[in-house]
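Q: Sharing a structure with you now.
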Protein chains: 4
Amino acid sequence: MSGSTFGRQFCITTWGESHGAAIGAVIDGCPAGLTLDASDIQHFLDRRKPGQNQFTTKRQESDQVQILSGVFEGKTTGTPISLIVQNQDQRSRDYGNIASVYRPGHADYTYTQKYGFRDYRGGGRSSGRETIGRVAGGAVASKILSCMGIQVTAYTRSIGDIVVPDDAICYNCINENPLYMPNNEYASRAASYLEECMKSQDSAGGIVECIVTGMPAGIGETVFEKLDANLAKAVMSIGAVKGVEIGDGFSAASSKGSLNNDSFISDGTSVSKETNHAGGILGGMSDASPIIIRAAFKPTPSISQVQKTVDMSGENIELSIHGRHDPVIVPRAVVVVEAMTAITIVDMLFANMAARLDRIIDFYCK
Amino acid sequence: MSGSTFGRQFCITTWGESHGAAIGAVIDGCPAGLTLDASDIQHFLDRRKPGQNQFTTKRQESDQVQILSGVFEGKTTGTPISLIVQNQDQRSRDYGNIASVYRPGHADYTYTQKYGFRDYRGGGRSSGRETIGRVAGGAVASKILSCMGIQVTAYTRSIGDIVVPDDAICYNCINENPLYMPNNEYASRAASYLEECMKSQDSAGGIVECIVTGMPAGIGETVFEKLDANLAKAVMSIGAVKGVEIGDGFSAASSKGSLNNDSFISDGTSVSKETNHAGGILGGMSDASPIIIRAAFKPTPSISQVQKTVDMSGENIELSIHGRHDPVIVPRAVVVVEAMTAITIVDMLFANMAARLDRIIDFYCK
Amino acid sequence: MSGSTFGRQFCITTWGESHGAAIGAVIDGCPAGLTLDASDIQHFLDRRKPGQNQFTTKRQESDQVQILSGVFEGKTTGTPISLIVQNQDQRSRDYGNIASVYRPGHADYTYTQKYGFRDYRGGGRSSGRETIGRVAGGAVASKILSCMGIQVTAYTRSIGDIVVPDDAICYNCINENPLYMPNNEYASRAASYLEECMKSQDSAGGIVECIVTGMPAGIGETVFEKLDANLAKAVMSIGAVKGVEIGDGFSAASSKGSLNNDSFISDGTSVSKETNHAGGILGGMSDASPIIIRAAFKPTPSISQVQKTVDMSGENIELSIHGRHDPVIVPRAVVVVEAMTAITIVDMLFANMAARLDRIIDFYCK
Amino acid sequence: MSGSTFGRQFCITTWGESHGAAIGAVIDGCPAGLTLDASDIQHFLDRRKPGQNQFTTKRQESDQVQILSGVFEGKTTGTPISLIVQNQDQRSRDYGNIASVYRPGHADYTYTQKYGFRDYRGGGRSSGRETIGRVAGGAVASKILSCMGIQVTAYTRSIGDIVVPDDAICYNCINENPLYMPNNEYASRAASYLEECMKSQDSAGGIVECIVTGMPAGIGETVFEKLDANLAKAVMSIGAVKGVEIGDGFSAASSKGSLNNDSFISDGTSVSKETNHAGGILGGMSDASPIIIRAAFKPTPSISQVQKTVDMSGENIELSIHGRHDPVIVPRAVVVVEAMTAITIVDMLFANMAARLDRIIDFYCK
């Protein structure tokens with residue numbers, strides 16, 4: 001069944017395997033009139049590009065995006081925007097041992113069980129390269145949001161056990177270190193932690209946090225299409241994510257009502273909340289406070305340590321994965337979380353436009 | 001925009017407010033031939049019924065379900081199953097002060113912002129009574145799953161800071177205590193914790209854990225319709241849930257690849273995993289190990305302590321919420337998490353049936 | 001798989017069988033703020049009620065609708081509107097011979113093949129009573145449209161070979177005759193035609209035409225979600241419809257470009273078309289001319305003449321269907337076509353709201 | 001809102017404009033294990049290629065398709081299949097007069113009203129080239145169907161007033177004449193008719209008929225997702241289609257029940273129908289007789305005769321459209337109708353797999 005389309009009104013359909021001819025996305029439902037060129041998207045893709053520092057794979061992926069449709073004279077036309085990135089670094093190497101083995105922590109076993117066989121080259125469709133389409137879509141979504149004064153910002157909140165505390169977050173620092181952490185000192189500690197991991201042929205995970213500011217209140221539909229429900233799906237669908245939380249998230253479970261409730265307060269003209277334990281979402285709808293979402297990434301499963309596993313003939317074997325793998329994917333995943341958040345929010349902003357009859361009449365009849 | 005339907009093939013549409021005439025659900029896409037009567041559903045609804053012990057509201061809600069369609073001579077016909085529960089305990093009380101106030105932690109403010117006004121009686125559509133439809137749908141989904149040897153079991157993993165440790169879990173104890181905890185001693189401690197909360201006019205949150213056993217491998221679609229992504233949406237859409245995790249979840253973020261990877265092992269005839277950090281899902285598809293999902297519930301926002309808030313005229317006021325409220329909703333939410341999990345899994349089992357051409361040909365042409 | 005929900009933003013889910021406890025619909029995505037009570041819907045349901053004249057079944061179906069949710073203090077709240085109609089005229093008659101036979105022209109055979117068995121009482125889900133839910137949804141959609149100055153009007157264009165010619169259409173006459181024809185003289189002729197049918201134990205078909213006025217231009221999405229494509233689906237989904245056409249429809253196929261093209265003309269302030277062969281839709285979008293849609297209904301399959309058929313044991317038999325059946329369903333189907341058209345147009349009006357960035361920004365940021 | 005995706009399980013998303021860089025489609029939900037290469041698709045695309053005879057535009061469009069993803073070692077993998085066709089014949093001509101004018105019968109006016117402006121080069125997204133994606137998807141769907149013994153065959157039933165009568169249809173002749181008519185003599189007459197049209201600077205329409213054989217019974221969902229409803233949408237979504245009918249279609253409206261009902265008959269082992277007025281669909285589900293669908297195409301709107309219209313400044317003007325246009329699009333549309341029919345049927349075959357519990361249990365547990 002189809003699983004490669006996300007969104008109901010602002011929709012992204014992604015396609016492509018790690019070692020196929022190309023990888024891409026079709027964005028459908030982008031409104032007409034958005035100024036857009038390839039550089040808007042390239043800027044986002046460059047943020048997930050590998051080979052930028054010692055902690056990312058040395059693979060050279062230039063990942064140049066081309067817009068094939070949906071833009072005319074520099075503006076979107078309302079029709080589907082087709083984006084393509086050629087796959088360039090496809091070494092004709094020997095996948096022999098990978099092809100016949102179920103790598104621990106990877107999708108080799110499950111894909112084979114589902115489909116009867118799999119494209120084993122570089123993980124095929126389950127490769128991290130699949131996120132290129134997400135990021136391209138997120139670039140367009142972010143540009144739409146910025147026209148409305150909405151800003152989506154993601155960063156690395158933790159790597160391994162190096163966690164940036166609440167009171168040490170410095171948004172201006174995010175782009176000052178290769179790990180996209182909001183504190184350069186913690187970034188140094190995380191770098192040391194990663195060096196230790198690499199020395200021991202191991203890998204690390206971490207947490208990406210994403211903040212959305214400028215949201216109007218009331219965005220999100222009732223019951224099943226809540227804003228937080230859709231954000232959870234959007235972020236959990238990213239490979240390697242094992243947990244999602246909003247606002248205080250899991251720590252709210254051990255809090256008390258008197259501490260966790262955010263008091264409303266009025267300055268005479270507008271209503272706001274004194275605190276933001278809710279993370280900007282109440283009853284599944286935005287409350288105009290910043291939305292806070294957190295995603296837990298597991299450690300990269302490809303490690304060069306010897307691991308026990310099974311081959312496709314059912315033999316128990318030992319496996320050591322060599323090659324160009326990230327010791328941590330979290331820094332490169334920052335922009336992916338940002339992209340999925342932006343896509344979700346655009347989609348729900350559009351859904352909300354039909355919420356009130358008076359506003360619909362105003363839209364069509366004024 | 002429509003938000004009251006969940007699922008793509010096995011779909012549930014819920015409707016109804018806390019203080020309307022009735023509340024219900026329509027289940028569409030239930031296969032023909034399932035033996036079903038109201039008692040199958042009633043059994044599930046009774047598990048979420050209030051008034052069963054000291055920690056749930058004293059409201060009397062008999063919540064008797066009636067099947068209005070889709071069943072003929074004791075079997076489902078393949079057409080929509082309409083379920084209805086009359087709302088009985090609708091006191092004609094004075095909602096005056098609630099009507100004009102934004103209760104902290106509730107959806108009053110966001111609903112009003114979205115729709116221009118709200119049904120303020122008992123929370124309207126954002127009331128916990130909305131989950132009646134979910135549980136009814138989950139009862140049907142669970143019955144389908146049990147025909148296939150798949151079992152979904154949820155329980156209270158923690159209340160406040162009382163957490164049942166891994167090695168103390170006793171599945172047989174779940175129904176032996178009113179908190180649905182898998183350990184009677186921890187349940188006693190949690191009961192004491194709740195008594196303290198009630199004394200201090202406060203409320204508690206907690207974590208619900210859900211285990212799915214008997215799953216075939218390969219269930220879940222690629223990229224956006226991953227099994228874990230859909231489970232995350234399903235569970236996050238439940239009111240008061242602020243976080244969702246699969247397997248080791250957030251703790252995986254601070255683990256290492258060598259520890260977090262689950263080795264595959266073969267006994268000569270079948271493949272399994274030595275450990276289950278992944279929580280039964282790899283690459284978004286079931287790996288045939290038990291699926292483990294955890295949901296964090298925030299403390300009940302209705303507390304009788306004085307809280308600061310704002311009324312609809314924009315005045316800062318003080319509010320004390322009296323009435324019949326649960327000091328913790330976690331025990332009653334156990335069956336809701338189970339229901340949403342069961343619905344999601346049925347839906348994805350159906351989606352998977354078209355994954356392989358050979359099996360499709362076998363289905364139609366044998 | 002689920003088939004009982006129609007629409008993407010303004011959604012209707014219908015449920016219920018001919019002889020179950022009740023029949024109903026859930027309308028999801030209705031905007032908040034619409035003044036609505038049961039009489040708005042009852043007025044539409046009464047138009048499809050049988051027993052109103054000699055050409056409709058003598059069954060007494062009072063079909064009183066009740067609103068169970070989604071309306072508060074006389075206005076829609078934006079949450080699902082649940083509508084229910086109790087089935088009252090359920091004679092406990094002997095369905096023995098119908099139960100074991102495939103009636104020609106009915107869905108008995110195909111339902112049995114699909115589901116393995118069927119609810120044979122009165123056609124079950126394939127009964128004409130299924131349209132109650134559609135009409136209820138259409139009543140709400142029509143009320144929304146009327147707030148925007150859009151009017152949907154359906155009528156009987158032909159019964160058997162009695163066709164009202166273009167130049168004899170009198171919209172004011174539609175409700176002056178029991179056949180809902182836009183010309184009383186042709187209605188008399190059609191009545192005579194039907195009397196002949198009844199005498200010869202036979203039945204008739206006919207054509208329903210529907211006009212939509214007041215449409216803004218540009219409604220309908222590109223490529224697959226065109227306005228005409230969705231109208232075609234909406235109308236073809238009504239039982240007994242075998243053909244759908246827009247504007248000149250099938251006669252356009254034998255026309256020429258010079259005759260079929262509608263010239264645009266300007267009066268200095270606005271653009272219109274000199275003719276309307278296109279039926280108000282160009283490139284799948286409304287062009288602000290009246291939308292014209294036509295649906296061909298086959299003759300009622302239940303006739304009392306002896307027919308050849310097969311029973312469920314595979315024996316060739318002869319069948320004579322007695323009971324209370326309409327000799328023609330077209331007059332009662334008029335309101336059903338109107339309902340499906342209204343639902344489709346509301347849904348596409350909502351979809352169009354996100355078509356242009358400048359209007360979205362205006363919506364959220366003005 | 002998104003309109004470029006068709007199907008729920010077997011989904012096709014198309015993109016691209018007439019004069020953009022390329023045009024393409026993403027097929028999602030194609031089952032794994034289908035042997036597929038570009039030539040399977042090219043064969044279908046070649047059937048819609050222009051420049052093949054005197055009645056099609058002289059534009060040279062080689063339209064070579066490339067598969068970018070979803071196929072590994074000659075077989076589909078279950079992941080999205082991305083198809084691309086480069087646009088080659090993009091003359092950098094002067095669109096000046098077309099750019100500022102609303103061509104009668106085209107989508108210029110409606111697109112401009114919807115989106116605020118339009119890509120005027122060759123019709124942009126509303127160009128007939130949009131059907132390349134449909135045909136590519138249809139090629140894959142047809143190949144799946146052929147694995148199951150289901151054959152979809154379309155042909156030109158009429159051009160202008162030249163209609164092939166029922167008793168003159170010769171399926172073997174379809175590919176023997178450039179108009180794809182199932183009778184060579186009628187094809188000659190139609191050719192003469194078209195020559196007359198061209199001489200008088202005019203254009204013609206016609207009817208495409210499509211037959212599906214080998215269908216199992218029971219395919220199609222109840223109520224809104226009926227097989228005929230989805231076929232109607234699929235076919236009406238093709239540009240220039242103004243009417244759709246199933247079986248006897250509009251002529252059923254003037255028939256009688258005794259004539260229109262198809263008697264069931266048994267040969268002792270299987271049940272069939274003596275006639276097929278129903279066109280293979282009863283109650284919205286296939287009845288195992290051949291499915292018959294007919295689509296009415298309007299005459300090509302681009303004609304070189306002088307036409308009255310309006311320009312974008314609101315001036316009434318005269319327009320004469322020169323260039324390379326088909327005097328009739330029907331022959332090239334034959335494969336498009338076939339494609340949309342095939343896609344719809346695959347999608348509904350997949351939907352039907354979850355109709356019966358016993359077959360689901362058999363699928364998963366045998």
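Following the order of the structure tokens, chains are lettered A, B, ..., residues in each are numbered from 1, and ligands are numbered from 1.
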Determine, using only C-alpha atoms, which residues of chain C have any atom at most 8 Å from an atom of chain B, and tabulate each with its shortest atom pair and distance in Å to one decimal place, rows ordered by chain and then rising number, as a Markdown table.

A:
```
| residue | atom | partner | partner_atom | distance |
| --- | --- | --- | --- | --- |
| C:Met1 | CA | B:Gly29 | CA | 4.4 |
| C:Ser2 | CA | B:Gly29 | CA | 4.2 |
| C:Gly3 | CA | B:Asp28 | CA | 7.3 |
| C:Ser4 | CA | B:Asp28 | CA | 6.8 |
| C:Arg8 | CA | B:Ser2 | CA | 7.3 |
| C:Gln9 | CA | B:Met1 | CA | 4.7 |
| C:Phe10 | CA | B:Ser2 | CA | 6.5 |
| C:Cys11 | CA | B:Ser2 | CA | 6.5 |
| C:Thr13 | CA | B:Thr13 | CA | 7.9 |
| C:Thr14 | CA | B:Pro80 | CA | 7.9 |
| C:Trp15 | CA | B:Pro80 | CA | 5.5 |
| C:Gly16 | CA | B:Ser69 | CA | 5.0 |
| C:Glu17 | CA | B:Ser69 | CA | 6.4 |
| C:Gly20 | CA | B:Ser69 | CA | 5.9 |
| C:Ala21 | CA | B:Leu68 | CA | 5.3 |
| C:Ala22 | CA | B:Leu68 | CA | 6.0 |
| C:Ile23 | CA | B:Ser69 | CA | 7.6 |
| C:Val26 | CA | B:Trp15 | CA | 7.5 |
| C:Asp28 | CA | B:Ser2 | CA | 5.0 |
| C:Gly29 | CA | B:Ser2 | CA | 4.2 |
| C:Cys30 | CA | B:Met1 | CA | 7.5 |
| C:Pro31 | CA | B:Met1 | CA | 7.9 |
| C:Ala32 | CA | B:Tyr115 | CA | 5.7 |
| C:Gly33 | CA | B:Tyr115 | CA | 7.7 |
| C:Leu68 | CA | B:Ala21 | CA | 5.3 |
| C:Ser69 | CA | B:Gly16 | CA | 5.0 |
| C:Gly70 | CA | B:Gly16 | CA | 6.9 |
| C:Phe72 | CA | B:Asp119 | CA | 6.0 |
| C:Thr77 | CA | B:Arg118 | CA | 6.4 |
| C:Gly78 | CA | B:Tyr115 | CA | 6.5 |
| C:Thr79 | CA | B:Arg125 | CA | 7.0 |
| C:Pro80 | CA | B:Trp15 | CA | 5.4 |
| C:Ile81 | CA | B:Trp15 | CA | 7.2 |
| C:Ser82 | CA | B:Trp15 | CA | 6.5 |
| C:Tyr115 | CA | B:Ala32 | CA | 5.7 |
| C:Gly116 | CA | B:Ala32 | CA | 7.6 |
| C:Phe117 | CA | B:Thr77 | CA | 7.5 |
| C:Arg118 | CA | B:Thr77 | CA | 6.4 |
| C:Asp119 | CA | B:Phe72 | CA | 6.0 |
| C:Arg125 | CA | B:Thr79 | CA | 7.0 |
```

Q: Can you list, as a PyMOL selection string, every protein, DNA or RNA residue that comes within 7 Å of C:Val164 when you count only C-alpha atoms, leaving out same-chain residues fewer than 6 positions away?

A: chain C and resi 157-158+186

Q: Quick one: of D:Gln305, D:Thr213, D:Ser270, D:Thr153, who's nearest to D:Val336, counting only C-alpha atoms?

A: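 Smallest distance to D:Val336 is found for D:Thr153.
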
Q: Find the residues near D:Asn276: any atom within 10 Å, counting only C-alpha atoms, skip ones fewer than 5 places away on the same chain, and give them as a PyMOL selection string.

A: chain D and resi 247-248+260-263+281+287+289-292

Q: Enumerate, as a PyMOL selection string, the complete set of residues in stretch 3-233 of chain B that a backbone-based DSSP assignment places in helix (DSSP H, G or I).

A: chain B and resi 38-47+96-99+108-115+121-126+128-147+166-168+171-176+184-199+227-233

Q: Just the selected residues (C-alpha atoms), exported as a compact mmCIF listing (two decimals), in the first residue's frame, please.

A:
```txt
# COMPACT_ATOMS: atom_id res chain seq x y z
CA ALA B 38 -22.77 -5.76 21.95
CA SER B 39 -21.21 -7.64 24.84
CA ASP B 40 -17.88 -7.87 22.99
CA ILE B 41 -17.79 -4.09 22.96
CA GLN B 42 -19.38 -3.57 26.36
CA HIS B 43 -16.59 -5.53 27.96
CA PHE B 44 -14.08 -2.97 26.68
CA LEU B 45 -16.23 0.03 27.55
CA ASP B 46 -16.61 -1.22 31.10
CA ARG B 47 -12.84 -1.02 31.49
CA GLY B 96 -21.92 29.64 34.22
CA ASN B 97 -18.43 30.04 35.58
CA ILE B 98 -16.86 27.38 33.34
CA ALA B 99 -18.58 28.83 30.28
CA ASP B 108 -11.21 25.89 26.29
CA TYR B 109 -8.94 28.59 24.93
CA THR B 110 -7.85 26.80 21.77
CA TYR B 111 -11.36 25.66 20.80
CA THR B 112 -12.67 29.17 21.28
CA GLN B 113 -9.85 30.58 19.17
CA LYS B 114 -10.44 28.04 16.42
CA TYR B 115 -14.22 27.96 16.21
CA ARG B 121 -20.66 21.67 28.89
CA GLY B 122 -18.20 19.20 30.35
CA GLY B 123 -15.51 19.99 27.80
CA GLY B 124 -17.73 19.26 24.81
CA ARG B 125 -15.88 17.34 22.16
CA SER B 126 -12.56 17.60 24.03
CA GLY B 128 -12.57 12.35 27.94
CA ARG B 129 -15.93 10.88 26.97
CA GLU B 130 -14.77 11.23 23.35
CA THR B 131 -12.68 8.11 23.98
CA ILE B 132 -15.82 5.95 24.16
CA GLY B 133 -15.83 5.78 20.37
CA ARG B 134 -12.15 4.84 20.30
CA VAL B 135 -12.64 2.05 22.82
CA ALA B 136 -15.65 0.69 20.95
CA GLY B 137 -13.61 0.59 17.75
CA GLY B 138 -10.71 -0.97 19.60
CA ALA B 139 -12.95 -3.75 20.90
CA VAL B 140 -13.79 -4.75 17.33
CA ALA B 141 -10.17 -4.44 16.21
CA SER B 142 -9.00 -6.56 19.14
CA LYS B 143 -11.49 -9.26 18.28
CA ILE B 144 -10.19 -9.35 14.69
CA LEU B 145 -6.62 -9.56 15.97
CA SER B 146 -7.43 -12.37 18.37
CA CYS B 147 -8.70 -14.40 15.39
CA ASP B 166 11.29 -4.02 34.23
CA ASP B 167 12.01 -6.94 36.47
CA ALA B 168 8.87 -6.46 38.58
CA TYR B 171 1.17 -9.44 33.51
CA ASN B 172 -1.18 -11.58 35.57
CA CYS B 173 -1.51 -8.82 38.15
CA ILE B 174 -2.84 -6.16 35.78
CA ASN B 175 -6.48 -6.85 36.54
CA GLU B 176 -5.92 -7.50 40.22
CA ASN B 184 0.19 -5.15 43.15
CA GLU B 185 2.75 -3.74 45.52
CA TYR B 186 3.61 -0.86 43.23
CA ALA B 187 -0.13 -0.38 42.76
CA SER B 188 -0.45 0.10 46.53
CA ARG B 189 2.33 2.63 46.52
CA ALA B 190 0.69 4.45 43.60
CA ALA B 191 -2.60 4.44 45.51
CA SER B 192 -0.89 6.13 48.45
CA TYR B 193 0.67 8.64 46.08
CA LEU B 194 -2.77 9.41 44.65
CA GLU B 195 -4.27 9.82 48.12
CA GLU B 196 -1.62 12.41 48.84
CA CYS B 197 -2.46 14.17 45.59
CA MET B 198 -6.14 14.26 46.47
CA LYS B 199 -5.43 15.57 49.94
CA LEU B 227 3.99 1.16 11.72
CA ASP B 228 5.65 3.21 14.46
CA ALA B 229 4.65 6.50 12.80
CA ASN B 230 1.01 5.44 12.74
CA LEU B 231 1.16 4.14 16.30
CA ALA B 232 2.66 7.46 17.39
CA LYS B 233 -0.18 9.37 15.76
```

Q: Can you list, as a PyMOL selection string, every residue of stretch 138-213 of chain B that DSSP puts in strand (DSSP E)?

A: chain B and resi 151-159+162-163+206-213

Q: Atoms to include: N, CA, C and O atoms. Write the selected residues as a PDB file, in the first residue's frame.

A:
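Produced file again34.pdb, reproduced below:
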```pdb
ATOM      1  N   GLN B 151      -2.258 -10.465  20.173  1.00  0.00           N
ATOM      2  CA  GLN B 151      -2.779 -10.029  21.460  1.00  0.00           C
ATOM      3  C   GLN B 151      -2.231  -8.654  21.805  1.00  0.00           C
ATOM      4  O   GLN B 151      -1.025  -8.438  21.750  1.00  0.00           O
ATOM      5  N   VAL B 152      -3.091  -7.731  22.146  1.00  0.00           N
ATOM      6  CA  VAL B 152      -2.685  -6.383  22.560  1.00  0.00           C
ATOM      7  C   VAL B 152      -3.007  -6.215  24.040  1.00  0.00           C
ATOM      8  O   VAL B 152      -4.143  -6.445  24.455  1.00  0.00           O
ATOM      9  N   THR B 153      -2.000  -5.844  24.830  1.00  0.00           N
ATOM     10  CA  THR B 153      -2.184  -5.725  26.280  1.00  0.00           C
ATOM     11  C   THR B 153      -1.575  -4.428  26.782  1.00  0.00           C
ATOM     12  O   THR B 153      -0.375  -4.214  26.629  1.00  0.00           O
ATOM     13  N   ALA B 154      -2.388  -3.588  27.376  1.00  0.00           N
ATOM     14  CA  ALA B 154      -1.870  -2.342  27.953  1.00  0.00           C
ATOM     15  C   ALA B 154      -2.028  -2.359  29.464  1.00  0.00           C
ATOM     16  O   ALA B 154      -2.854  -3.100  30.001  1.00  0.00           O
ATOM     17  N   TYR B 155      -1.222  -1.557  30.110  1.00  0.00           N
ATOM     18  CA  TYR B 155      -1.274  -1.466  31.571  1.00  0.00           C
ATOM     19  C   TYR B 155      -0.606  -0.163  32.009  1.00  0.00           C
ATOM     20  O   TYR B 155       0.058   0.511  31.218  1.00  0.00           O
ATOM     21  N   THR B 156      -0.781   0.174  33.258  1.00  0.00           N
ATOM     22  CA  THR B 156      -0.191   1.377  33.832  1.00  0.00           C
ATOM     23  C   THR B 156       1.249   1.079  34.234  1.00  0.00           C
ATOM     24  O   THR B 156       1.482   0.292  35.154  1.00  0.00           O
ATOM     25  N   ARG B 157       2.183   1.696  33.568  1.00  0.00           N
ATOM     26  CA  ARG B 157       3.580   1.446  33.920  1.00  0.00           C
ATOM     27  C   ARG B 157       4.025   2.333  35.082  1.00  0.00           C
ATOM     28  O   ARG B 157       4.836   1.928  35.921  1.00  0.00           O
ATOM     29  N   SER B 158       3.494   3.558  35.095  1.00  0.00           N
ATOM     30  CA  SER B 158       3.839   4.437  36.229  1.00  0.00           C
ATOM     31  C   SER B 158       2.700   5.393  36.526  1.00  0.00           C
ATOM     32  O   SER B 158       1.881   5.704  35.652  1.00  0.00           O
ATOM     33  N   ILE B 159       2.666   5.823  37.792  1.00  0.00           N
ATOM     34  CA  ILE B 159       1.789   6.925  38.204  1.00  0.00           C
ATOM     35  C   ILE B 159       2.657   7.865  39.031  1.00  0.00           C
ATOM     36  O   ILE B 159       3.326   7.428  39.983  1.00  0.00           O
ATOM     37  N   ILE B 162       5.987   6.783  40.792  1.00  0.00           N
ATOM     38  CA  ILE B 162       5.954   5.352  41.128  1.00  0.00           C
ATOM     39  C   ILE B 162       5.978   4.545  39.825  1.00  0.00           C
ATOM     40  O   ILE B 162       4.975   4.444  39.108  1.00  0.00           O
ATOM     41  N   VAL B 163       7.136   4.000  39.508  1.00  0.00           N
ATOM     42  CA  VAL B 163       7.334   3.303  38.234  1.00  0.00           C
ATOM     43  C   VAL B 163       7.579   1.820  38.493  1.00  0.00           C
ATOM     44  O   VAL B 163       8.447   1.475  39.304  1.00  0.00           O
ATOM     45  N   GLY B 206       1.051   9.865  34.471  1.00  0.00           N
ATOM     46  CA  GLY B 206       1.664   8.539  34.482  1.00  0.00           C
ATOM     47  C   GLY B 206       1.919   8.039  33.081  1.00  0.00           C
ATOM     48  O   GLY B 206       1.666   8.737  32.094  1.00  0.00           O
ATOM     49  N   ILE B 207       2.413   6.818  33.013  1.00  0.00           N
ATOM     50  CA  ILE B 207       2.778   6.218  31.726  1.00  0.00           C
ATOM     51  C   ILE B 207       2.003   4.925  31.515  1.00  0.00           C
ATOM     52  O   ILE B 207       1.920   4.095  32.414  1.00  0.00           O
ATOM     53  N   VAL B 208       1.417   4.805  30.332  1.00  0.00           N
ATOM     54  CA  VAL B 208       0.769   3.558  29.931  1.00  0.00           C
ATOM     55  C   VAL B 208       1.695   2.837  28.958  1.00  0.00           C
ATOM     56  O   VAL B 208       2.252   3.459  28.052  1.00  0.00           O
ATOM     57  N   GLU B 209       1.866   1.561  29.172  1.00  0.00           N
ATOM     58  CA  GLU B 209       2.699   0.750  28.282  1.00  0.00           C
ATOM     59  C   GLU B 209       1.803  -0.272  27.600  1.00  0.00           C
ATOM     60  O   GLU B 209       0.848  -0.770  28.202  1.00  0.00           O
ATOM     61  N   CYS B 210       2.115  -0.574  26.373  1.00  0.00           N
ATOM     62  CA  CYS B 210       1.284  -1.514  25.622  1.00  0.00           C
ATOM     63  C   CYS B 210       2.180  -2.485  24.856  1.00  0.00           C
ATOM     64  O   CYS B 210       3.157  -2.077  24.225  1.00  0.00           O
ATOM     65  N   ILE B 211       1.838  -3.762  24.945  1.00  0.00           N
ATOM     66  CA  ILE B 211       2.621  -4.818  24.308  1.00  0.00           C
ATOM     67  C   ILE B 211       1.751  -5.540  23.285  1.00  0.00           C
ATOM     68  O   ILE B 211       0.607  -5.876  23.588  1.00  0.00           O
ATOM     69  N   VAL B 212       2.306  -5.771  22.115  1.00  0.00           N
ATOM     70  CA  VAL B 212       1.589  -6.536  21.093  1.00  0.00           C
ATOM     71  C   VAL B 212       2.385  -7.787  20.772  1.00  0.00           C
ATOM     72  O   VAL B 212       3.540  -7.692  20.328  1.00  0.00           O
ATOM     73  N   THR B 213       1.777  -8.929  20.996  1.00  0.00           N
ATOM     74  CA  THR B 213       2.470 -10.181  20.696  1.00  0.00           C
ATOM     75  C   THR B 213       1.769 -10.930  19.567  1.00  0.00           C
ATOM     76  O   THR B 213       0.592 -10.714  19.312  1.00  0.00           O
TER      77      THR B 213
END
```
